[in-house]
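Colleague: Got model_14.txt for you, compact mmCIF, C-alpha atoms:
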```txt
# COMPACT_ATOMS: atom_id res chain seq x y z
CA MET A 1 9.12 -25.03 -13.84
CA LYS A 2 12.27 -26.59 -12.44
CA ASP A 3 14.70 -23.70 -12.69
CA PHE A 4 12.38 -20.85 -11.73
CA GLU A 5 14.85 -19.46 -9.18
CA SER A 6 17.64 -19.03 -11.74
CA ARG A 7 15.28 -17.52 -14.32
CA TRP A 8 13.90 -15.04 -11.78
CA GLU A 9 17.42 -14.18 -10.60
CA ASN A 10 18.45 -13.69 -14.22
CA LEU A 11 15.56 -11.27 -14.77
CA VAL A 12 16.12 -9.19 -11.62
CA ARG A 13 19.86 -9.04 -12.32
CA ALA A 14 19.06 -7.42 -15.66
CA ALA A 15 16.48 -5.15 -14.00
CA ARG A 16 19.03 -3.95 -11.44
CA GLN A 17 21.19 -2.62 -14.28
CA ALA A 18 18.52 -0.17 -15.37
CA PRO A 19 19.34 3.42 -14.36
CA VAL A 20 17.27 4.64 -11.43
CA SER A 21 16.28 8.27 -11.07
CA GLU A 22 18.53 9.69 -8.36
CA ASP A 23 17.15 13.22 -8.44
CA VAL A 24 15.89 13.78 -4.93
CA THR A 25 15.58 17.57 -5.17
CA ILE A 26 12.56 18.70 -3.23
CA PRO A 27 9.97 20.46 -5.45
CA TYR A 28 9.68 24.20 -4.91
CA GLY A 29 7.15 25.02 -2.18
CA PHE A 30 6.58 21.39 -1.21
CA ALA A 31 8.03 21.68 2.32
CA THR A 32 6.19 24.94 3.04
CA ARG A 33 2.88 23.51 1.84
CA VAL A 34 3.23 20.26 3.77
CA ALA A 35 4.38 22.03 6.97
CA ALA A 36 1.45 24.46 6.81
CA ARG A 37 -1.07 21.68 6.23
CA ALA A 38 0.41 19.49 8.94
CA LEU A 39 0.35 22.17 11.61
CA ALA A 40 -3.12 23.36 10.58
CA GLY A 41 -4.41 19.80 10.81
CA GLU A 42 -2.96 19.23 14.26
CA SER A 43 -5.43 21.62 15.82
CA ARG A 44 -8.09 18.94 15.41
CA PRO A 45 -8.47 17.11 18.74
CA VAL A 46 -7.53 13.45 18.80
CA TRP A 47 -10.90 12.36 20.18
CA LEU A 48 -12.62 14.02 17.23
CA ALA A 49 -10.43 12.13 14.79
CA VAL A 50 -11.18 8.85 16.58
CA CYS A 51 -14.92 9.57 16.58
CA GLY A 52 -14.78 10.43 12.90
CA ARG A 53 -12.97 7.22 12.16
CA PHE A 54 -15.45 5.02 13.96
CA SER A 55 -18.66 6.87 13.12
CA ALA A 56 -18.59 5.78 9.48
CA ARG A 57 -18.16 2.15 10.52
CA ALA A 58 -20.89 2.53 13.13
CA LEU A 59 -23.22 3.90 10.48
CA TRP A 60 -22.65 0.85 8.27
CA VAL A 61 -23.21 -1.52 11.19
CA ALA A 62 -26.42 0.34 12.11
CA CYS A 63 -27.69 0.10 8.52
CA LEU A 64 -26.95 -3.61 8.46
CA LEU A 65 -28.81 -4.11 11.75
CA VAL A 66 -31.84 -2.20 10.43
CA VAL A 67 -31.96 -4.34 7.28
CA ALA A 68 -31.43 -7.56 9.23
CA SER A 69 -34.12 -6.75 11.81
CA ALA A 70 -36.55 -5.66 9.11
CA ALA A 71 -35.98 -8.91 7.24
CA ALA A 72 -36.32 -10.99 10.39
CA ASN A 73 -39.58 -9.31 11.41
CA TYR A 74 -41.13 -8.95 7.98
CA LEU A 75 -43.38 -11.99 8.30
CA ALA A 76 -44.48 -11.01 11.78
CA PHE A 77 -45.44 -7.55 10.53
CA ALA A 78 -47.24 -8.91 7.47
CA GLY A 79 -49.14 -11.57 9.41
CA GLY A 80 -49.88 -9.30 12.37
CA GLU A 81 -51.74 -6.75 10.26
CA ASP A 82 -54.42 -9.23 9.13
CA GLU A 83 -54.91 -10.46 12.63
CA GLU A 84 -55.31 -6.94 13.97
CA GLN A 85 -57.80 -6.01 11.22
CA SER A 86 -59.97 -9.02 11.96
CA LEU A 87 -59.98 -8.17 15.66
CA LEU A 88 -61.19 -4.65 14.97
CA ASP A 89 -63.81 -5.73 12.43
CA PRO A 90 -66.93 -7.07 14.29
CA VAL A 91 -68.66 -8.13 11.02
CA SER A 92 -65.87 -10.44 9.98
CA GLU A 93 -65.79 -11.77 13.54
CA VAL A 94 -69.53 -12.60 13.44
CA LEU A 95 -69.23 -14.16 9.98
CA SER A 96 -66.33 -16.31 11.01
CA ASN A 97 -68.25 -17.54 14.08
CA SER A 98 -71.41 -18.39 12.10
CA MET B 1 20.46 11.67 4.54
CA ALA B 2 23.08 14.07 3.38
CA ASP B 3 22.94 16.73 6.07
CA GLU B 4 24.97 15.28 8.95
CA THR B 5 24.84 18.51 10.96
CA PHE B 6 21.05 18.60 11.13
CA ASP B 7 19.88 18.90 14.74
CA LEU B 8 17.07 16.36 14.60
CA ALA B 9 16.23 16.30 18.30
CA GLY B 10 16.04 20.09 18.48
CA CYS B 11 13.98 20.24 15.32
CA LEU B 12 11.50 17.66 16.65
CA ASP B 13 11.11 19.65 19.87
CA ARG B 14 10.35 22.80 17.89
CA VAL B 15 7.89 20.96 15.64
CA ARG B 16 6.09 19.69 18.73
CA ALA B 17 5.90 23.32 19.85
CA ARG B 18 4.18 24.02 16.49
CA ASP B 19 7.07 25.88 14.87
CA GLN B 20 6.30 25.96 11.16
CA ASN B 21 9.88 26.73 10.12
CA ALA B 22 11.08 23.65 11.99
CA ALA B 23 8.37 21.56 10.31
CA ARG B 24 9.53 22.81 6.94
CA ALA B 25 13.15 22.05 7.78
CA LEU B 26 12.18 18.54 8.87
CA VAL B 27 10.36 17.90 5.58
CA GLU B 28 13.36 19.15 3.62
CA HIS B 29 15.70 16.96 5.66
CA LEU B 30 13.62 13.80 5.23
CA TYR B 31 12.51 14.31 1.64
CA PRO B 32 15.34 12.29 -0.01
CA LEU B 33 14.64 9.30 2.26
CA VAL B 34 10.89 9.43 1.70
CA ILE B 35 11.00 10.02 -2.05
CA ARG B 36 13.35 7.05 -2.57
CA ILE B 37 10.90 4.77 -0.76
CA VAL B 38 7.97 6.24 -2.68
CA ARG B 39 9.72 5.76 -6.02
CA SER B 40 10.58 2.15 -5.36
CA HIS B 41 7.09 1.24 -4.11
CA LEU B 42 5.00 3.67 -6.08
CA PRO B 43 1.64 2.20 -7.01
CA ARG B 44 0.68 2.80 -10.61
CA ARG B 45 -1.53 5.80 -11.31
CA VAL B 46 -0.45 7.57 -8.09
CA ALA B 47 1.61 10.76 -8.28
CA GLU B 48 4.81 10.49 -6.24
CA GLU B 49 4.42 13.98 -4.82
CA ASP B 50 0.90 13.22 -3.54
CA LEU B 51 2.07 10.05 -1.86
CA ALA B 52 5.08 11.80 -0.32
CA GLN B 53 2.77 14.48 1.05
CA ASP B 54 0.49 11.84 2.61
CA ILE B 55 3.50 10.25 4.27
CA PHE B 56 4.69 13.54 5.77
CA LEU B 57 1.21 14.42 7.00
CA LYS B 58 0.96 11.03 8.72
CA MET B 59 4.39 11.57 10.22
CA PHE B 60 3.37 14.90 11.73
CA THR B 61 0.07 13.49 13.00
CA ARG B 62 1.86 10.65 14.79
CA LEU B 63 4.87 12.62 15.96
CA ASP B 64 3.75 12.47 19.60
CA GLN B 65 3.84 8.67 19.39
CA TYR B 66 7.56 8.67 18.55
CA LYS B 67 9.41 7.77 21.75
CA GLY B 68 12.90 7.34 20.32
CA ALA B 69 13.00 3.53 20.63
CA VAL B 70 14.21 3.26 17.02
CA ALA B 71 16.13 5.71 14.83
CA PHE B 72 13.84 8.46 13.56
CA SER B 73 14.68 7.60 9.94
CA HIS B 74 13.55 3.99 10.53
CA TRP B 75 10.35 5.22 12.12
CA VAL B 76 9.64 7.46 9.12
CA SER B 77 10.57 4.62 6.73
CA ARG B 78 7.94 2.40 8.34
CA ILE B 79 5.30 5.08 7.90
CA ALA B 80 6.35 5.49 4.27
CA VAL B 81 6.30 1.75 3.58
CA THR B 82 2.91 1.18 5.24
CA THR B 83 1.43 4.16 3.41
CA CYS B 84 2.62 2.72 0.09
CA ILE B 85 1.18 -0.69 1.01
CA ASP B 86 -2.13 0.91 1.95
CA GLN B 87 -2.20 2.64 -1.43
CA LEU B 88 -1.46 -0.61 -3.23
CA ARG B 89 -4.14 -2.36 -1.21
CA ALA B 90 -6.62 0.37 -2.09
CA GLN B 91 -6.10 -0.45 -5.76
CA LYS B 92 -7.69 -3.82 -5.04
CA ARG B 93 -8.04 -4.95 -8.61
CA ARG B 94 -4.88 -6.45 -9.97
CA PRO B 95 -5.30 -6.79 -13.71
CA GLU B 96 -4.58 -10.17 -15.19
CA PHE B 97 -1.05 -10.38 -16.56
CA ARG B 98 -1.22 -10.72 -20.35
CA TRP B 99 1.41 -10.90 -23.04
CA ALA B 100 -0.60 -8.37 -25.02
CA ASP B 101 -0.10 -5.70 -22.35
CA LEU B 102 3.69 -5.85 -22.62
CA SER B 103 5.75 -3.60 -24.82
CA GLU B 104 7.75 -5.26 -27.59
CA LYS B 105 10.96 -5.06 -25.56
CA GLU B 106 9.32 -6.35 -22.37
CA ALA B 107 7.84 -9.27 -24.31
CA ASP B 108 11.29 -10.03 -25.76
CA VAL B 109 12.82 -10.04 -22.30
CA LEU B 110 10.10 -12.28 -20.91
CA ASP B 111 10.40 -14.60 -23.89
CA SER B 112 14.14 -14.81 -23.34
CA VAL B 113 13.75 -15.45 -19.61
CA LEU B 114 11.14 -18.16 -20.12
CA THR B 115 12.77 -19.98 -23.00
CA SER B 116 16.52 -19.58 -22.98
CA GLU B 117 19.06 -20.45 -20.34
CA GLY B 118 21.32 -17.46 -20.96
CA ASP B 119 21.39 -14.03 -19.34
CA VAL B 120 19.07 -11.26 -20.43
CA ALA B 121 21.01 -8.75 -22.52
CA VAL B 122 22.31 -5.85 -20.43
CA ASN B 123 20.87 -3.19 -22.74
CA ASP B 124 17.41 -4.56 -21.91
CA GLY B 125 17.74 -3.39 -18.31
CA VAL B 126 14.96 -0.83 -18.55
CA ALA B 127 12.56 -3.28 -20.15
CA ALA B 128 13.55 -5.92 -17.59
CA ARG B 129 12.86 -3.50 -14.75
CA GLU B 130 9.45 -2.57 -16.16
CA LEU B 131 8.69 -6.24 -16.61
CA VAL B 132 9.70 -7.05 -13.04
CA TYR B 133 7.40 -4.29 -11.75
CA LYS B 134 4.53 -5.64 -13.84
CA LEU B 135 5.11 -9.14 -12.52
CA LEU B 136 5.35 -7.88 -8.94
CA ASP B 137 2.08 -5.99 -9.44
CA GLU B 138 0.38 -9.38 -9.62
CA LEU B 139 1.30 -10.11 -6.00
CA LYS B 140 -0.28 -8.93 -2.77
CA PRO B 141 1.22 -5.61 -1.60
CA GLN B 142 3.24 -7.15 1.26
CA ASP B 143 4.56 -9.97 -0.92
CA ARG B 144 5.44 -7.49 -3.64
CA LEU B 145 7.31 -5.33 -1.16
CA VAL B 146 9.37 -8.19 0.23
CA LEU B 147 10.52 -9.40 -3.18
CA GLN B 148 11.27 -5.89 -4.34
CA LEU B 149 13.44 -5.18 -1.32
CA LEU B 150 15.07 -8.59 -1.20
CA ASP B 151 15.69 -9.31 -4.88
CA LEU B 152 15.61 -6.00 -6.68
CA GLU B 153 17.19 -3.76 -4.05
CA GLN B 154 19.26 -6.58 -2.51
CA ARG B 155 18.47 -5.63 1.07
CA SER B 156 19.15 -8.09 3.85
CA VAL B 157 16.35 -9.70 5.86
CA ALA B 158 17.48 -7.66 8.88
CA GLU B 159 17.25 -4.40 6.93
CA ILE B 160 13.77 -5.27 5.65
CA SER B 161 12.73 -6.19 9.15
CA ALA B 162 13.95 -2.80 10.43
CA SER B 163 12.26 -0.75 7.74
CA THR B 164 8.93 -2.59 7.78
CA GLY B 165 8.61 -3.65 11.41
CA TRP B 166 7.98 -7.28 10.38
CA ASN B 167 10.00 -9.91 12.22
CA PRO B 168 12.69 -11.75 10.19
CA SER B 169 10.70 -15.02 10.08
CA LEU B 170 7.70 -13.21 8.63
CA VAL B 171 9.93 -11.60 5.99
CA LYS B 172 11.26 -15.04 4.98
CA VAL B 173 7.79 -16.60 4.91
CA ARG B 174 6.45 -13.77 2.76
CA ALA B 175 9.39 -14.06 0.38
CA PHE B 176 8.85 -17.82 0.07
CA ARG B 177 5.13 -17.36 -0.56
CA ALA B 178 5.72 -14.57 -3.09
CA ARG B 179 8.25 -16.64 -5.05
CA ALA B 180 5.81 -19.56 -5.14
CA LYS B 181 3.16 -17.27 -6.63
CA LEU B 182 5.60 -15.89 -9.17
CA LYS B 183 6.61 -19.41 -10.12
CA LYS B 184 2.97 -20.22 -10.82
CA LEU B 185 2.68 -17.07 -12.92
CA PHE B 186 5.80 -18.04 -14.89
CA GLU B 187 4.30 -21.47 -15.54
CA GLU B 188 1.05 -19.93 -16.76
CA LEU B 189 2.95 -17.58 -19.05
CA GLN B 190 4.98 -20.45 -20.41
CA ARG B 191 1.76 -22.32 -21.24
CA LYS B 192 0.26 -19.30 -22.99
CA GLU B 193 1.78 -18.59 -26.37
CA ARG B 194 3.19 -15.17 -27.08
CA SER B 195 0.74 -13.58 -29.53
```
Could you take the file, read its structure, and then write that structure out as structure tokens?
Modeller:
Amino acid sequence: MKDFESRWENLVRAARQAPVSEDVTIPYGFATRVAARALAGESRPVWLAVCGRFSARALWVACLLVVASAAANYLAFAGGEDEEQSLLDPVSEVLSNS
Amino acid sequence: MADETFDLAGCLDRVRARDQNAARALVEHLYPLVIRIVRSHLPRRVAEEDLAQDIFLKMFTRLDQYKGAVAFSHWVSRIAVTTCIDQLRAQKRRPEFRWADLSEKEADVLDSVLTSEGDVAVNDGVAARELVYKLLDELKPQDRLVLQLLDLEQRSVAEISASTGWNPSLVKVRAFRARAKLKKLFEELQRKERS
């Protein structure tokens, strides 16, 4: 499109002519509610907020590590069990030697 | 802000001392500034009062970080703008722009913009504004914000830089990138027939 700029300018010029709501009256009780919530929330220590923020991420990272390590060691676990069983079973040991 | 006699410094000191009346007065004083920002960047499906409340709560939480390096209204504006961007970002899915989703008037305006060379009729201002918002919704939140401030609200690069905290070069780059994306969208719409 060669004349995109002029078409876009044409559109926003028309859009600027639309009336915009200029009523900025604060709703009844809004300031009181917000002030009360804000000051009530401030009693929470900063370190607690930081811990809270990072603990969720840490939990996800920990879960990922568990899954990754389980996947990485799956074969070792699966193979290791057979080997251990044969070591503890003298009959199978004798049979395999004969 | 209308109230020129408002003692901002004194009010901030009292808020820091946990004076609830001062906190209420501060909210009342800043409400017009915050609600204008919220209205112009309001993500769809979010109530303006809820978003304004989030902005004020963030402001109070970070009040100790305000050192007076910039005007307090600019500092609050940045919180308001970033909160709106975060909300827009949270609505990750941007629906595909389709002719079928436009109202009859919006489709007429778009048709006229895409096909004719003339101006869009003045009495289509409301439809044009809705259409512009729908087109801007297709952009990333930061790109959307830059074009809205620059083109729709006709703010200067310096003003945008002050209210967002982005440096002027970044503002220009974002505007350039956003216009390129819009141009692509216009081309796609031109290819697709109006149903």
Colleague: Work out how far atom CA of B:Leu51 is from atom CA of B:Ala128, in Å to one decimal.
Modeller: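 These two atoms are separated by 25.2 Å.
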Colleague: What lies within 12 Å of B:Phe6 using all atoms listed in the file, ignoring chain neighbours under 5 positions off, as an NGL selection string?
Modeller: :B and (1 or 11-12 or 22 or 25-26 or 28-30)
Colleague: List the neighbours of B:Asp64 out to 12 Å using all atoms listed in the file; skip same-chain residues closer than 2 positions along the sequence, and give me the result as a list of chain:residue names.
Modeller: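 Here the answer would be A:Glu42, A:Val46, B:Leu12, B:Asp13, B:Val15, B:Arg16, B:Ala17, B:Arg18, B:Lys58, B:Met59, B:Phe60, B:Thr61, B:Arg62, B:Tyr66, B:Lys67, B:Gly68.
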Colleague: Quote the spacing between atom CA of A:Leu64 and atom CA of B:Leu88 in Å to one decimal place.
Modeller: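 Between atom CA of A:Leu64 and atom CA of B:Leu88 the gap works out to 28.2 Å.
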Colleague: Residues of chain B within 8 Å of chain A: nearest atom pair and distance (Å, one decimal) for each, counting all atoms listed in the file, sorted by chain and number, as a tab-separated table?
Modeller:
```
residue	atom	partner	partner_atom	distance
B:Arg18	CA	A:Leu39	CA	6.5
B:Gln20	CA	A:Ala35	CA	6.1
B:Asn21	CA	A:Ala35	CA	7.9
B:Ala23	CA	A:Ala35	CA	5.2
B:Arg24	CA	A:Ala31	CA	5.0
B:Ala25	CA	A:Ala31	CA	7.5
B:Val27	CA	A:Ala31	CA	5.5
B:Glu28	CA	A:Ala31	CA	6.0
B:Tyr31	CA	A:Ile26	CA	6.6
B:Pro32	CA	A:Val24	CA	5.2
B:Ile35	CA	A:Val24	CA	6.8
B:Arg36	CA	A:Val24	CA	7.6
B:Gln53	CA	A:Val34	CA	6.4
B:Phe56	CA	A:Val34	CA	7.2
B:Leu57	CA	A:Ala38	CA	5.5
B:Phe60	CA	A:Ala38	CA	6.1
B:Thr61	CA	A:Glu42	CA	6.6
B:Val113	CA	A:Arg7	CA	5.9
B:Leu114	CA	A:Arg7	CA	7.2
B:Glu117	CA	A:Arg7	CA	7.7
B:Asp119	CA	A:Asn10	CA	5.9
B:Val120	CA	A:Ala14	CA	6.1
B:Ala121	CA	A:Ala14	CA	7.3
B:Val122	CA	A:Ala14	CA	6.0
B:Asp124	CA	A:Ala14	CA	7.1
B:Gly125	CA	A:Ala18	CA	4.4
B:Val126	CA	A:Ala18	CA	4.8
B:Ala127	CA	A:Ala15	CA	7.5
B:Ala128	CA	A:Ala15	CA	4.7
B:Arg129	CA	A:Ala15	CA	4.0
B:Glu130	CA	A:Ala15	CA	7.8
B:Val132	CA	A:Val12	CA	6.9
B:Asp151	CA	A:Val12	CA	6.8
B:Leu152	CA	A:Val12	CA	5.9
B:Glu153	CA	A:Arg16	CA	7.6
B:Lys183	CA	A:Phe4	CA	6.2
B:Phe186	CA	A:Met1	CA	7.8
B:Glu187	CA	A:Met1	CA	6.2
```
Colleague: Measure the distance from atom CA of B:Ser163 to atom CA of B:Ala80 in Å and round it to one decimal.
Modeller: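 Result for atom CA of B:Ser163 versus atom CA of B:Ala80: 9.3 Å, one decimal.
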Colleague: Would you mind putting back N, CA and C atoms on stretch 54-67 of chain A, then writing it out as a PDB file, in the frame of the given file?
Modeller:
```pdb
ATOM      1  N   PHE A  54     -14.548   6.113  13.613  1.00  0.00           N
ATOM      2  CA  PHE A  54     -15.450   5.020  13.960  1.00  0.00           C
ATOM      3  C   PHE A  54     -16.904   5.300  13.571  1.00  0.00           C
ATOM      4  N   SER A  55     -17.261   6.573  13.398  1.00  0.00           N
ATOM      5  CA  SER A  55     -18.660   6.870  13.120  1.00  0.00           C
ATOM      6  C   SER A  55     -19.109   6.303  11.775  1.00  0.00           C
ATOM      7  N   ALA A  56     -18.223   6.327  10.796  1.00  0.00           N
ATOM      8  CA  ALA A  56     -18.590   5.780   9.480  1.00  0.00           C
ATOM      9  C   ALA A  56     -18.839   4.279   9.588  1.00  0.00           C
ATOM     10  N   ARG A  57     -17.963   3.592  10.341  1.00  0.00           N
ATOM     11  CA  ARG A  57     -18.160   2.150  10.520  1.00  0.00           C
ATOM     12  C   ARG A  57     -19.452   1.879  11.289  1.00  0.00           C
ATOM     13  N   ALA A  58     -19.690   2.708  12.312  1.00  0.00           N
ATOM     14  CA  ALA A  58     -20.890   2.530  13.130  1.00  0.00           C
ATOM     15  C   ALA A  58     -22.143   2.708  12.282  1.00  0.00           C
ATOM     16  N   LEU A  59     -22.074   3.651  11.353  1.00  0.00           N
ATOM     17  CA  LEU A  59     -23.220   3.900  10.480  1.00  0.00           C
ATOM     18  C   LEU A  59     -23.520   2.666   9.620  1.00  0.00           C
ATOM     19  N   TRP A  60     -22.459   2.058   9.085  1.00  0.00           N
ATOM     20  CA  TRP A  60     -22.650   0.850   8.270  1.00  0.00           C
ATOM     21  C   TRP A  60     -23.239  -0.276   9.108  1.00  0.00           C
ATOM     22  N   VAL A  61     -22.712  -0.446  10.315  1.00  0.00           N
ATOM     23  CA  VAL A  61     -23.210  -1.520  11.190  1.00  0.00           C
ATOM     24  C   VAL A  61     -24.680  -1.264  11.509  1.00  0.00           C
ATOM     25  N   ALA A  62     -25.029   0.006  11.796  1.00  0.00           N
ATOM     26  CA  ALA A  62     -26.420   0.340  12.110  1.00  0.00           C
ATOM     27  C   ALA A  62     -27.336   0.036  10.926  1.00  0.00           C
ATOM     28  N   CYS A  63     -26.890   0.383   9.723  1.00  0.00           N
ATOM     29  CA  CYS A  63     -27.690   0.100   8.520  1.00  0.00           C
ATOM     30  C   CYS A  63     -27.912  -1.403   8.360  1.00  0.00           C
ATOM     31  N   LEU A  64     -26.843  -2.158   8.577  1.00  0.00           N
ATOM     32  CA  LEU A  64     -26.950  -3.610   8.460  1.00  0.00           C
ATOM     33  C   LEU A  64     -27.950  -4.169   9.469  1.00  0.00           C
ATOM     34  N   LEU A  65     -27.897  -3.644  10.705  1.00  0.00           N
ATOM     35  CA  LEU A  65     -28.810  -4.110  11.750  1.00  0.00           C
ATOM     36  C   LEU A  65     -30.256  -3.782  11.390  1.00  0.00           C
ATOM     37  N   VAL A  66     -30.476  -2.595  10.831  1.00  0.00           N
ATOM     38  CA  VAL A  66     -31.840  -2.200  10.430  1.00  0.00           C
ATOM     39  C   VAL A  66     -32.366  -3.164   9.370  1.00  0.00           C
ATOM     40  N   VAL A  67     -31.533  -3.433   8.361  1.00  0.00           N
ATOM     41  CA  VAL A  67     -31.960  -4.340   7.280  1.00  0.00           C
ATOM     42  C   VAL A  67     -32.209  -5.734   7.819  1.00  0.00           C
TER      43      VAL A  67
END
```
